[in-house]
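Q: Could you have a look at this structure, given as structure tokens, before my questions?
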Amino acid sequence: MNVKYVFRIVALAVLITSIFMLVPAGIALFDGQIRNAAAYLISLGIMAVISLITVFLTRKYKTTVYAQEGVAATGISWLAISAFGALPFFWSGEIPNYIDALFEIISGFTTTGASILNDVEALSRCNLYWRSFSHWLGGMGMLVFIIAVIPQAKKGSGSGIHLMRAESPGPSVGKFTPHLRETALILYGIYILLTILCVILLIIGDMSLFDSLCIAFGTAGTGGFAVLNSSIGEYSPYIQSVVTVFMFLFGINFNIYFLIILRQFKTVFRNEELRAYIIIAFSAVLMITFNISHMYSGLKEAFHHAAFQVSSIMTTTGFATVDFEQWPAFSKAILLLLMFIGASAGSTGGGLKVSRVLLLAKNIRRTIGKTLHPRKVYLVTMDGKSVDESICNGVDAYLAVYCAILLISFAIISFDGFSIGTNFSAVTACFNNIGPGFELVGATGNYAHYSYLSKIILSLDMLLGRLEIFPLLALVSPGLWSRKR
């Protein structure tokens with residue numbers, strides 16, 4: 001194990017996170033909130049000192065890097081930025097318990113949007129900004145950012161690709177260009193441009209600059225932290241429509257945008273995951289629209305809210321325009337299914353991912369075919385190309401571990417004594433990085449009533465879901481720290 005490389009990457013992640021804290025510190029100073037400003041400045045000072053010392057001590061690291069180092073660096077980095085990122089909430093006194101502050105920032109970085117706050121509007125602007133910006137930072141990934149902007153991160157033999165594979169959501173991750181840093185720059189370039197466009201369109205709808213930034217951060221990162229207790233419900237239909245469209249756009253694999261830039265439209269149209277993503281979303285919107293039409297003034301209004309909520313839940317954003325807990329059981333069942341399906345691989349969304357669902361369906365079909373015709377050769381294909389057997393096996397293993405963690409987490413938090421619907425949807429919403437569930441954790445609820453043990457379990461679920469399980473589980477595996485290759 002190349003320990004110096006691992007902790008150098010962790011230190012860089014912490015250092016960059018501390019630099020981003022300068023903005024909320026500035027907001028606090030502008031608003032005359034000395035305690036809040038001190039909370040951010042002290043936090044970033046501690047983080048900067050620790051990280052700079054670590055970078056100095058690890059300056060002579062080996063450039064030979066393997067998957068072990070990528071997995072370890074990713075898992076530890078996310079734990080570290082979460083532990084430090086919660087300090088301003090705690091030291092400002094606005095979230096006086098550290099476990100609650102940790103839950104809130106993990107929910108932010110993992111783009112989950114689950115909250116322990118009963119009154120979001122009581123938070124200061126600096127804390128509202130920090131929790132929303134954490135969505136944006138975690139959406140594309142801190143380590144992808146490091147690959148893009150810090151030269152030291154890309155030295156060595158394949159170090160960057162191991163980091164990207166460990167952090168980026170999806171069954172497989174590759175490079176757009178021969179140079180990984182160019183790929184990371186392209187990803188962040190697309191991400192930034194879409195975010196800026198979202199901010200501009202929100203401002204056109206008479207939303208304030210501060211609110212536009214916070215909502216755009218939550219939309220781009222598919223996170224769902226809002227600045228109002230009503231989420232997006234109090235904003236105009238125009239703003240709600242803008243958020244609907246951009247949530248959907250950020251749930252698309254970013255490879256698609258790169259192909260559009262290259263004008264490879266045929267390849268885009270042949271992409272099975274994109275077609276499935278659009279068909280699933282559109283079908284869900286139509287079914288929910290007709291199911292809830294009697295609750296609104298007409299099909300147009302019902303379609304508006306159905307489209308928003310489907311886009312929000314499928315992309316695992318978690319914004320809401322209405323209390324969907326009041327919708328008929330059929331509509332809530334569709335939303336529950338969308339929680340599991342999630343967005344596309346290579347997007348900022350969570351869940352199982354549409355590509356995994358497709359591969360699982362094709363693998364099931366192949367298994368049935370082999371049962372009926374044992375001598376016939378069946379291949380699993382995606383976009384007209386044969387899928388490597390290792391990817392199929394990886395998807396099967398992922399689903400098995402996914403189900404095990406879901407059930408174990410559900411059993412543990414059930415000690416708190418809440419209903420099965422509340423507990424199951426809470427675990428589902430946190431593990432799939434969605435945020436709101438049903439009943440007590442629905443669109444108008446929160447997670448404040450859970451015990452500290454349950455909040456820790458749900459926080460781990462959020463991290464496991466964001467990092468696709470294995471990078472975090474691997475940290476407790478003796479094999480990760482072995483010197484053997």
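Letters A, B, ... mark the chains of the structure tokens in the order given; residue numbers begin at 1 per chain; ligand numbers begin at 1, in order shown.
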Give me the residues of segment 323-411 of chain A that have any atom at most 12 Å from an atom of segment 188-199 of chain A; for each, the nearest atom pair and the distance in Å, rounded to one decimal. Use only C-alpha atoms, sort by chain and number, and format it as a Markdown table.
A:
| residue | atom | partner | partner_atom | distance |
| --- | --- | --- | --- | --- |
| A:Gly346 | CA | A:Tyr191 | CA | 11.9 |
| A:Ser347 | CA | A:Tyr191 | CA | 9.9 |
| A:Thr348 | CA | A:Tyr191 | CA | 9.5 |
Q: Compile the contact shell of Pro237 of chain A as a list in words: residues with an atom at most 10 Å away, counting only C-alpha atoms, same-chain residues fewer than 6 positions apart removed.
A: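 The residues that qualify are Gly205, Val243, Glu301, His304, His305 and Thr321 of chain A.
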Q: Out of A:Asn433, A:Ser134, A:Ser18, A:Ser92, which residue has the shortest atom-to-atom distance to Ala216 of chain A when counting only C-alpha atoms?
A: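 Residue with the minimum atom-to-atom distance to Ala216 of chain A: A:Ser134.
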Q: Would you return as a ChimeraX atom specification the members of segment 9-139 of chain A that DSSP assigns to helix (DSSP H, G or I) on this structure's backbone?
A: /A:9-20,22-30,34-57,67-85,87-92,98-109,120-122,125-139
Q: Output the selection as a compact mmCIF listing (two decimals), in the first residue's frame - C-alpha atoms for each residue.
A:
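After the write, again_3.txt holds the following:
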# COMPACT_ATOMS: atom_id res chain seq x y z
CA ILE A 9 -4.77 12.84 -1.82
CA VAL A 10 -6.76 13.02 1.44
CA ALA A 11 -4.84 16.14 2.44
CA LEU A 12 -5.50 17.78 -0.94
CA ALA A 13 -9.23 17.01 -0.62
CA VAL A 14 -9.33 18.59 2.84
CA LEU A 15 -7.30 21.59 1.67
CA ILE A 16 -9.61 22.31 -1.27
CA THR A 17 -12.67 21.94 0.98
CA SER A 18 -11.15 24.48 3.39
CA ILE A 19 -10.56 26.96 0.53
CA PHE A 20 -14.22 26.75 -0.47
CA LEU A 22 -13.87 31.21 2.42
CA VAL A 23 -17.12 32.08 0.62
CA PRO A 24 -19.54 31.30 3.51
CA ALA A 25 -17.04 32.98 5.86
CA GLY A 26 -17.26 36.09 3.66
CA ILE A 27 -21.06 35.93 3.64
CA ALA A 28 -21.07 35.73 7.45
CA LEU A 29 -18.77 38.77 7.69
CA PHE A 30 -20.94 40.70 5.21
CA ILE A 34 -19.04 37.32 13.85
CA ARG A 35 -19.59 33.95 15.53
CA ASN A 36 -20.49 32.29 12.24
CA ALA A 37 -17.54 33.89 10.48
CA ALA A 38 -15.24 32.69 13.26
CA ALA A 39 -16.68 29.17 12.97
CA TYR A 40 -15.74 29.02 9.29
CA LEU A 41 -12.39 30.75 9.62
CA ILE A 42 -11.28 28.55 12.54
CA SER A 43 -12.47 25.41 10.72
CA LEU A 44 -10.69 26.27 7.49
CA GLY A 45 -7.60 27.29 9.42
CA ILE A 46 -7.37 23.95 11.19
CA MET A 47 -8.03 22.08 7.94
CA ALA A 48 -5.46 24.10 6.01
CA VAL A 49 -2.72 23.60 8.63
CA ILE A 50 -3.31 19.85 8.94
CA SER A 51 -3.51 19.33 5.17
CA LEU A 52 -0.46 21.47 4.35
CA ILE A 53 1.64 19.62 6.93
CA THR A 54 0.46 16.31 5.47
CA VAL A 55 1.23 17.44 1.91
CA PHE A 56 4.73 18.45 3.02
CA LEU A 57 5.37 15.15 4.81
CA ALA A 67 -6.57 0.29 -7.47
CA GLN A 68 -5.91 -0.24 -3.74
CA GLU A 69 -4.63 3.30 -3.35
CA GLY A 70 -7.48 4.75 -5.38
CA VAL A 71 -10.09 3.01 -3.24
CA ALA A 72 -8.38 3.90 0.05
CA ALA A 73 -7.85 7.55 -0.92
CA THR A 74 -11.46 7.91 -2.00
CA GLY A 75 -13.00 6.36 1.10
CA ILE A 76 -10.79 8.21 3.58
CA SER A 77 -11.13 11.53 1.71
CA TRP A 78 -14.92 11.44 1.93
CA LEU A 79 -14.82 10.57 5.63
CA ALA A 80 -12.31 13.37 6.26
CA ILE A 81 -14.12 16.15 4.39
CA SER A 82 -17.36 15.13 6.11
CA ALA A 83 -15.80 15.19 9.59
CA PHE A 84 -14.22 18.62 8.99
CA GLY A 85 -17.08 20.00 6.89
CA LEU A 87 -17.45 21.84 12.13
CA PRO A 88 -18.87 25.22 11.00
CA PHE A 89 -22.45 24.03 11.57
CA PHE A 90 -21.47 22.84 15.05
CA TRP A 91 -19.30 25.76 16.11
CA SER A 92 -21.77 28.34 14.82
CA TYR A 98 -22.05 17.35 16.29
CA ILE A 99 -23.82 14.13 15.20
CA ASP A 100 -26.63 16.23 13.74
CA ALA A 101 -24.11 18.54 12.05
CA LEU A 102 -22.29 15.51 10.64
CA PHE A 103 -25.57 14.06 9.34
CA GLU A 104 -26.39 17.37 7.65
CA ILE A 105 -23.03 17.78 5.89
CA ILE A 106 -22.82 14.13 4.83
CA SER A 107 -26.29 14.57 3.39
CA GLY A 108 -24.91 17.61 1.57
CA PHE A 109 -21.70 16.11 0.19
CA VAL A 120 -34.51 25.60 7.46
CA GLU A 121 -35.31 29.29 7.25
CA ALA A 122 -33.86 29.83 10.75
CA ARG A 125 -27.23 32.69 4.96
CA CYS A 126 -23.66 31.43 5.34
CA ASN A 127 -24.85 28.04 6.58
CA LEU A 128 -27.59 27.86 3.94
CA TYR A 129 -24.93 28.54 1.31
CA TRP A 130 -22.50 25.95 2.72
CA ARG A 131 -25.06 23.15 2.89
CA SER A 132 -26.23 23.88 -0.68
CA PHE A 133 -22.70 24.27 -2.05
CA SER A 134 -21.76 20.93 -0.51
CA HIS A 135 -24.22 19.40 -3.01
CA TRP A 136 -22.42 20.99 -5.91
CA LEU A 137 -19.01 19.93 -4.63
CA GLY A 138 -20.09 16.35 -4.00
CA GLY A 139 -22.14 16.04 -7.18
Q: Tell me, in Å to one decimal, how far atom CA of Met339 of chain A is from atom CA of Arg356 of chain A.
A: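 That distance, rounded to one decimal, is 13.8 Å.
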Q: I need the residues in segment 279-455 of chain A that are strand (DSSP E) according to DSSP; give them as a PyMOL selection string.
A: chain A and resi 381-382+385-386
Q: Ranking A:Ser414, A:Asn432, A:Thr289, A:Gln309 by minimum distance to Phe340 of chain A and counting only C-alpha atoms, which one comes first?
A: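 Answer, going by the shortest atom-to-atom distance: A:Asn432.
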Q: Between atom CA of Asn229 of chain A and atom CA of Leu209 of chain A, what is the distance, to one decimal in Å?
A: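 Value for the atom CA of Asn229 of chain A-atom CA of Leu209 of chain A distance: 18.5 Å.
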